[in-house]
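Enquirer: Dropping a structure here in structure tokens format, bear with me for questions.
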Amino acid sequence: MTSRPDPVNAALADLVSRQAIAQTLAVHSRGVDRADASLLGSAYHADATVDYGFFAGPASGMVAILATAQKGQPVTLHRTCNLWIAVNGDQARSESYVIAYMEQATEQGPVQRLVGGRYLDRHARQGGEWRIAHRLYVMDWNLSRPSTAAWADPSVALTNYVPRGGQGAADPGRAVLALGAARFKREGDSRMTTQISERDIDVALSKQALHDLGMAYARGVDRTDPELLASIFHEDSTVISGVINGSGPEFARGITEFVRANLVRSFHSVANEWYEVDGDRAVGESYGIATITAGGNDVISGGRYLDTYERRKGVWKFLSRTWVCDWTMTLPTTHQTDGMFEALKTRGCYGKDDPVYRFWKA
């Protein structure tokens, strides 16, 4: 294989580390949702610590609390996305958004909850393995409604014709994944036989850069950071967001002013990222769920970002961004800071007082 310049090798090493860290974050969500203490514990180093507010101390203690509390309860789902990872040798930091679904029994009957927040994680590579060294949980919003789960309703086809999630060995996904892994082993040697081209490498590194632009966009809007937003758009870029339609620099100023003046809170969760790179130009589509609180209502909107990008002087930035809204829900706000949420002391906010800025500066 052709030798590559050190900067390319360094960029590839960074990409490999980011993917390993992303895998660890996925393992953490799987461990919580499956109530699997062993799986959850494998996301942390032995001396790792956490701070969730209601518990601050060794990660092993939090693992025991979560795994025990989950067992026998309705299945949860932790959707972790918006991964923004910075690697420095054998150390790394990451900010990721999480929407957690849970169902709980109350005196008034079962309640379904959605909780939106962020994980601010420090990671370390020890013995060649990336794991979490410290986690700080930041709560941004929550929504609680009387349960409308229809699992027992025979008229709802979804509940009858798809597997339902479970915990531990009862989860159907465990068997499906185990069978798939066993099949690959039976089929023999899995070593890569196709040589990777220089274009393949450039596309992979470019996609990582485009991903980071999307993460910066979410933080810029949600933290009302006009400088960060302005840095990801070319001067001649355009944005169609509905609220502000204009150039990228105009959007950066206008949207942050609008959010501060009109919204109690803002949260943009991004997934389903798809990119097509062609030299120094690219197009992309990503799915977004935006959750805002305004006028006494929680508004949840689902849609897509349709983007074009251009690389100039080696730096990728947005050339255009268009938001397409596919669905929306408006409900009277049920945001709580008391009850089960009172102990979650670290809260998100607008501006540089948000915990993420102290986290990245450190």
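The way I read the labels, and the way they are meant: chains A, B, ... in the order of the structure tokens, residue 1 as the first residue of every chain, and ligand 1 as the first ligand shown, with later ones counted on from there.
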Name all residues at most 7 Å from stretch 261-276 of chain A (count only C-alpha atoms; drop same-chain ones fewer than 2 positions away) and give them as a ChimeraX atom specification.

Expert: /A:81-82,97,207,218,222,257-259,278,282-294

Enquirer: Just N, CA, C and O atoms for this one: save the residues we selected as a PDB file, in the first residue's frame.

Expert:
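Everything below was put into selection-v2.pdb:
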ATOM      1  N   CYS A  81     -27.282  10.766  19.919  1.00  0.00           N
ATOM      2  CA  CYS A  81     -26.867  11.256  18.602  1.00  0.00           C
ATOM      3  C   CYS A  81     -26.109  12.568  18.775  1.00  0.00           C
ATOM      4  O   CYS A  81     -25.648  12.887  19.866  1.00  0.00           O
ATOM      5  N   ASN A  82     -25.955  13.343  17.675  1.00  0.00           N
ATOM      6  CA  ASN A  82     -25.208  14.610  17.721  1.00  0.00           C
ATOM      7  C   ASN A  82     -23.834  14.423  18.342  1.00  0.00           C
ATOM      8  O   ASN A  82     -23.401  15.213  19.186  1.00  0.00           O
ATOM      9  N   TYR A  97     -26.053  14.421  22.283  1.00  0.00           N
ATOM     10  CA  TYR A  97     -27.437  14.659  22.690  1.00  0.00           C
ATOM     11  C   TYR A  97     -28.107  13.313  22.941  1.00  0.00           C
ATOM     12  O   TYR A  97     -27.823  12.324  22.260  1.00  0.00           O
ATOM     13  N   LYS A 207     -16.636  13.278   5.046  1.00  0.00           N
ATOM     14  CA  LYS A 207     -17.919  13.006   5.704  1.00  0.00           C
ATOM     15  C   LYS A 207     -17.849  13.305   7.196  1.00  0.00           C
ATOM     16  O   LYS A 207     -18.822  13.790   7.794  1.00  0.00           O
ATOM     17  N   ALA A 218     -26.266  22.548  15.536  1.00  0.00           N
ATOM     18  CA  ALA A 218     -27.196  22.275  16.636  1.00  0.00           C
ATOM     19  C   ALA A 218     -26.779  23.026  17.896  1.00  0.00           C
ATOM     20  O   ALA A 218     -27.610  23.663  18.552  1.00  0.00           O
ATOM     21  N   ASP A 222     -28.933  25.999  19.692  1.00  0.00           N
ATOM     22  CA  ASP A 222     -29.452  25.670  21.019  1.00  0.00           C
ATOM     23  C   ASP A 222     -28.794  26.471  22.140  1.00  0.00           C
ATOM     24  O   ASP A 222     -29.405  26.711  23.176  1.00  0.00           O
ATOM     25  N   GLU A 257     -30.805  35.638  17.925  1.00  0.00           N
ATOM     26  CA  GLU A 257     -31.626  36.688  18.533  1.00  0.00           C
ATOM     27  C   GLU A 257     -33.066  36.212  18.695  1.00  0.00           C
ATOM     28  O   GLU A 257     -33.702  36.454  19.726  1.00  0.00           O
ATOM     29  N   PHE A 258     -33.587  35.518  17.680  1.00  0.00           N
ATOM     30  CA  PHE A 258     -34.966  35.014  17.741  1.00  0.00           C
ATOM     31  C   PHE A 258     -35.135  34.000  18.873  1.00  0.00           C
ATOM     32  O   PHE A 258     -36.108  34.069  19.629  1.00  0.00           O
ATOM     33  N   VAL A 259     -34.207  33.046  18.970  1.00  0.00           N
ATOM     34  CA  VAL A 259     -34.323  31.999  19.989  1.00  0.00           C
ATOM     35  C   VAL A 259     -34.312  32.619  21.383  1.00  0.00           C
ATOM     36  O   VAL A 259     -35.141  32.286  22.234  1.00  0.00           O
ATOM     37  N   ASP A 278     -18.208  14.802  -3.808  1.00  0.00           N
ATOM     38  CA  ASP A 278     -17.635  14.806  -5.149  1.00  0.00           C
ATOM     39  C   ASP A 278     -16.558  15.884  -5.186  1.00  0.00           C
ATOM     40  O   ASP A 278     -16.844  17.061  -5.429  1.00  0.00           O
ATOM     41  N   ALA A 282     -20.208  18.806  -2.008  1.00  0.00           N
ATOM     42  CA  ALA A 282     -20.965  17.693  -1.428  1.00  0.00           C
ATOM     43  C   ALA A 282     -22.412  18.112  -1.222  1.00  0.00           C
ATOM     44  O   ALA A 282     -22.729  19.304  -1.125  1.00  0.00           O
ATOM     45  N   VAL A 283     -23.283  17.113  -1.175  1.00  0.00           N
ATOM     46  CA  VAL A 283     -24.680  17.317  -0.786  1.00  0.00           C
ATOM     47  C   VAL A 283     -24.971  16.390   0.381  1.00  0.00           C
ATOM     48  O   VAL A 283     -24.296  15.374   0.568  1.00  0.00           O
ATOM     49  N   GLY A 284     -25.980  16.744   1.151  1.00  0.00           N
ATOM     50  CA  GLY A 284     -26.315  15.909   2.301  1.00  0.00           C
ATOM     51  C   GLY A 284     -27.760  16.065   2.713  1.00  0.00           C
ATOM     52  O   GLY A 284     -28.399  17.090   2.429  1.00  0.00           O
ATOM     53  N   GLU A 285     -28.265  15.034   3.354  1.00  0.00           N
ATOM     54  CA  GLU A 285     -29.597  15.054   3.962  1.00  0.00           C
ATOM     55  C   GLU A 285     -29.473  14.452   5.345  1.00  0.00           C
ATOM     56  O   GLU A 285     -28.843  13.405   5.526  1.00  0.00           O
ATOM     57  N   SER A 286     -30.046  15.105   6.335  1.00  0.00           N
ATOM     58  CA  SER A 286     -30.069  14.539   7.690  1.00  0.00           C
ATOM     59  C   SER A 286     -31.443  14.798   8.294  1.00  0.00           C
ATOM     60  O   SER A 286     -32.101  15.786   7.967  1.00  0.00           O
ATOM     61  N   TYR A 287     -31.880  13.874   9.149  1.00  0.00           N
ATOM     62  CA  TYR A 287     -33.172  13.998   9.799  1.00  0.00           C
ATOM     63  C   TYR A 287     -32.994  14.723  11.128  1.00  0.00           C
ATOM     64  O   TYR A 287     -32.029  14.483  11.845  1.00  0.00           O
ATOM     65  N   GLY A 288     -33.945  15.610  11.445  1.00  0.00           N
ATOM     66  CA  GLY A 288     -33.870  16.341  12.697  1.00  0.00           C
ATOM     67  C   GLY A 288     -35.171  16.260  13.473  1.00  0.00           C
ATOM     68  O   GLY A 288     -36.259  16.188  12.893  1.00  0.00           O
ATOM     69  N   ILE A 289     -35.048  16.234  14.794  1.00  0.00           N
ATOM     70  CA  ILE A 289     -36.195  16.409  15.684  1.00  0.00           C
ATOM     71  C   ILE A 289     -35.895  17.648  16.522  1.00  0.00           C
ATOM     72  O   ILE A 289     -34.931  17.657  17.299  1.00  0.00           O
ATOM     73  N   ALA A 290     -36.686  18.688  16.331  1.00  0.00           N
ATOM     74  CA  ALA A 290     -36.499  19.935  17.077  1.00  0.00           C
ATOM     75  C   ALA A 290     -37.554  20.026  18.168  1.00  0.00           C
ATOM     76  O   ALA A 290     -38.753  19.888  17.892  1.00  0.00           O
ATOM     77  N   THR A 291     -37.110  20.247  19.398  1.00  0.00           N
ATOM     78  CA  THR A 291     -38.012  20.388  20.535  1.00  0.00           C
ATOM     79  C   THR A 291     -37.824  21.774  21.132  1.00  0.00           C
ATOM     80  O   THR A 291     -36.717  22.132  21.530  1.00  0.00           O
ATOM     81  N   ILE A 292     -38.893  22.562  21.145  1.00  0.00           N
ATOM     82  CA  ILE A 292     -38.808  23.909  21.703  1.00  0.00           C
ATOM     83  C   ILE A 292     -39.960  24.125  22.680  1.00  0.00           C
ATOM     84  O   ILE A 292     -40.978  23.422  22.625  1.00  0.00           O
ATOM     85  N   THR A 293     -39.790  25.069  23.573  1.00  0.00           N
ATOM     86  CA  THR A 293     -40.861  25.483  24.473  1.00  0.00           C
ATOM     87  C   THR A 293     -41.085  26.973  24.274  1.00  0.00           C
ATOM     88  O   THR A 293     -40.147  27.769  24.354  1.00  0.00           O
ATOM     89  N   ALA A 294     -42.332  27.345  23.990  1.00  0.00           N
ATOM     90  CA  ALA A 294     -42.672  28.747  23.757  1.00  0.00           C
ATOM     91  C   ALA A 294     -44.155  28.945  24.006  1.00  0.00           C
ATOM     92  O   ALA A 294     -44.972  28.076  23.672  1.00  0.00           O
TER      93      ALA A 294
END

Enquirer: Excluding same-chain residues fewer than 3 positions from stretch 310-318 of chain A, what lies within 9 Å of it counting only C-alpha atoms, as a ChimeraX atom specification?

Expert: /A:206,209-210,213,231-234,237-238,248,279-283,307,321

Enquirer: How would the residues just picked look written out with C-alpha atoms as a PDB file, in the first residue's frame?

Expert:
ATOM      1  CA  SER A 206     -14.779  14.699   4.357  1.00  0.00           C
ATOM      2  CA  ALA A 209     -15.988  17.061   8.634  1.00  0.00           C
ATOM      3  CA  LEU A 210     -19.536  17.462   7.291  1.00  0.00           C
ATOM      4  CA  LEU A 213     -20.699  21.024  10.778  1.00  0.00           C
ATOM      5  CA  SER A 231     -17.993  29.999  11.404  1.00  0.00           C
ATOM      6  CA  ILE A 232     -19.710  27.082   9.623  1.00  0.00           C
ATOM      7  CA  PHE A 233     -21.223  29.019   6.697  1.00  0.00           C
ATOM      8  CA  HIS A 234     -19.446  30.482   3.681  1.00  0.00           C
ATOM      9  CA  SER A 237     -24.114  30.791   1.579  1.00  0.00           C
ATOM     10  CA  THR A 238     -27.906  30.749   1.874  1.00  0.00           C
ATOM     11  CA  GLY A 248     -25.474  32.203   6.391  1.00  0.00           C
ATOM     12  CA  GLY A 279     -14.231  16.429  -4.886  1.00  0.00           C
ATOM     13  CA  ASP A 280     -14.597  19.790  -3.127  1.00  0.00           C
ATOM     14  CA  ARG A 281     -18.397  19.786  -3.261  1.00  0.00           C
ATOM     15  CA  ALA A 282     -20.965  17.693  -1.428  1.00  0.00           C
ATOM     16  CA  VAL A 283     -24.680  17.317  -0.786  1.00  0.00           C
ATOM     17  CA  ASP A 307     -27.589  20.764   2.443  1.00  0.00           C
ATOM     18  CA  ARG A 321     -29.061  24.716   4.169  1.00  0.00           C
TER      19      ARG A 321
END

Enquirer: So that I can see what lies close to A:Val243, please list as a list of chain:residue names the residues with an atom at most 9 Å from it, counting only C-alpha atoms and leaving out residues fewer than 2 positions away in the same chain.

Expert: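 Here the answer would be A:Ile240, A:Ser241, A:Asn245, A:Phe251, A:Gly254, A:Ile255, A:Phe258.
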
Enquirer: What does the file look like for those residues with C-alpha atoms, as a PDB file, in the first residue's frame?

Expert:
ATOM      1  CA  ILE A 240     -33.982  28.718   4.402  1.00  0.00           C
ATOM      2  CA  SER A 241     -35.200  27.959   7.910  1.00  0.00           C
ATOM      3  CA  ASN A 245     -34.269  33.150   5.302  1.00  0.00           C
ATOM      4  CA  PHE A 251     -28.985  33.535   9.744  1.00  0.00           C
ATOM      5  CA  GLY A 254     -30.963  36.450  13.316  1.00  0.00           C
ATOM      6  CA  ILE A 255     -31.701  32.961  14.615  1.00  0.00           C
ATOM      7  CA  PHE A 258     -34.966  35.014  17.741  1.00  0.00           C
TER       8      PHE A 258
END

Enquirer: Go through A:Met340, A:Leu39, A:Leu205, A:Leu136 and flag the residue nearest A:Ser94, using only C-alpha atoms for the distances.

Expert: A:Leu136

Enquirer: Counting only C-alpha atoms, which residue out of A:Ser247, A:Ser147, A:Thr256, A:Ser42 sits closest to A:Gly220?

Expert: A:Thr256

Enquirer: Going by DSSP on the backbone, which residues of stretch 148-281 of chain A come out as alpha helix (DSSP H)? List them as number ranges by chain.

Expert: A: 158-161, 172-186, 198-222, 226-230, 248-262

Enquirer: Next, write the just-selected residues to a file, as an mmCIF file, in the first residue's frame, keeping C-alpha atoms as the atom set.

Expert:
data_model
loop_
_atom_site.group_PDB
_atom_site.id
_atom_site.type_symbol
_atom_site.label_atom_id
_atom_site.label_comp_id
_atom_site.auth_asym_id
_atom_site.auth_seq_id
_atom_site.Cartn_x
_atom_site.Cartn_y
_atom_site.Cartn_z
ATOM 1 C CA LEU A 158 -47.857 -2.615 15.079
ATOM 2 C CA THR A 159 -48.256 -4.300 18.441
ATOM 3 C CA ASN A 160 -49.063 -7.674 16.894
ATOM 4 C CA TYR A 161 -46.606 -8.051 14.042
ATOM 5 C CA PRO A 172 -35.309 -10.360 20.838
ATOM 6 C CA GLY A 173 -32.453 -8.222 19.556
ATOM 7 C CA ARG A 174 -29.968 -10.216 21.595
ATOM 8 C CA ALA A 175 -30.784 -13.428 19.758
ATOM 9 C CA VAL A 176 -30.854 -11.741 16.330
ATOM 10 C CA LEU A 177 -27.410 -10.175 16.832
ATOM 11 C CA ALA A 178 -25.939 -13.372 18.279
ATOM 12 C CA LEU A 179 -27.187 -15.410 15.324
ATOM 13 C CA GLY A 180 -25.784 -12.879 12.883
ATOM 14 C CA ALA A 181 -22.369 -12.887 14.547
ATOM 15 C CA ALA A 182 -22.316 -16.683 14.620
ATOM 16 C CA ARG A 183 -23.166 -16.827 10.924
ATOM 17 C CA PHE A 184 -20.241 -14.558 10.034
ATOM 18 C CA LYS A 185 -17.877 -16.764 12.013
ATOM 19 C CA ARG A 186 -19.138 -19.864 10.211
ATOM 20 C CA GLU A 198 -6.894 7.777 -1.768
ATOM 21 C CA ARG A 199 -10.332 8.951 -2.883
ATOM 22 C CA ASP A 200 -11.991 6.586 -0.389
ATOM 23 C CA ILE A 201 -9.887 8.119 2.376
ATOM 24 C CA ASP A 202 -10.704 11.674 1.307
ATOM 25 C CA VAL A 203 -14.435 10.887 1.187
ATOM 26 C CA ALA A 204 -14.359 9.286 4.647
ATOM 27 C CA LEU A 205 -12.523 12.236 6.192
ATOM 28 C CA SER A 206 -14.779 14.699 4.357
ATOM 29 C CA LYS A 207 -17.919 13.006 5.704
ATOM 30 C CA GLN A 208 -16.543 13.349 9.235
ATOM 31 C CA ALA A 209 -15.988 17.061 8.634
ATOM 32 C CA LEU A 210 -19.536 17.462 7.291
ATOM 33 C CA HIS A 211 -20.879 15.632 10.340
ATOM 34 C CA ASP A 212 -19.075 18.096 12.619
ATOM 35 C CA LEU A 213 -20.699 21.024 10.778
ATOM 36 C CA GLY A 214 -24.122 19.592 11.639
ATOM 37 C CA MET A 215 -23.140 19.200 15.276
ATOM 38 C CA ALA A 216 -21.851 22.774 15.417
ATOM 39 C CA TYR A 217 -25.141 23.972 13.904
ATOM 40 C CA ALA A 218 -27.196 22.275 16.636
ATOM 41 C CA ARG A 219 -25.051 23.669 19.424
ATOM 42 C CA GLY A 220 -24.939 27.113 17.829
ATOM 43 C CA VAL A 221 -28.733 27.370 17.689
ATOM 44 C CA ASP A 222 -29.452 25.670 21.019
ATOM 45 C CA PRO A 226 -23.722 33.461 16.767
ATOM 46 C CA GLU A 227 -19.924 33.203 16.444
ATOM 47 C CA LEU A 228 -20.028 29.418 16.221
ATOM 48 C CA LEU A 229 -22.868 29.515 13.681
ATOM 49 C CA ALA A 230 -21.157 32.115 11.522
ATOM 50 C CA GLY A 248 -25.474 32.203 6.391
ATOM 51 C CA PRO A 249 -24.059 35.208 8.297
ATOM 52 C CA GLU A 250 -27.537 36.797 8.445
ATOM 53 C CA PHE A 251 -28.985 33.535 9.744
ATOM 54 C CA ALA A 252 -26.297 33.252 12.437
ATOM 55 C CA ARG A 253 -27.219 36.652 13.839
ATOM 56 C CA GLY A 254 -30.963 36.450 13.316
ATOM 57 C CA ILE A 255 -31.701 32.961 14.615
ATOM 58 C CA THR A 256 -29.786 33.426 17.863
ATOM 59 C CA GLU A 257 -31.626 36.688 18.533
ATOM 60 C CA PHE A 258 -34.966 35.014 17.741
ATOM 61 C CA VAL A 259 -34.323 31.999 19.989
ATOM 62 C CA ARG A 260 -33.297 34.151 22.956
ATOM 63 C CA ALA A 261 -36.276 36.478 22.535
ATOM 64 C CA ASN A 262 -39.008 33.906 21.899
#

Enquirer: I need the residue nearest A:Gln19 from this list: A:His78, A:Asp140, A:Leu83, A:Ala105. Use only C-alpha atoms for the distance.

Expert: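 Smallest separation from A:Gln19 among the options: A:Leu83.
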
Enquirer: Point out the residue among A:Leu12, A:Ala69, A:Ala343, A:Ile300 with the least atom-to-atom distance to A:Val138, counting only C-alpha atoms.

Expert: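 Ranking A:Leu12, A:Ala69, A:Ala343, A:Ile300 by distance to A:Val138, first place goes to A:Ala343.
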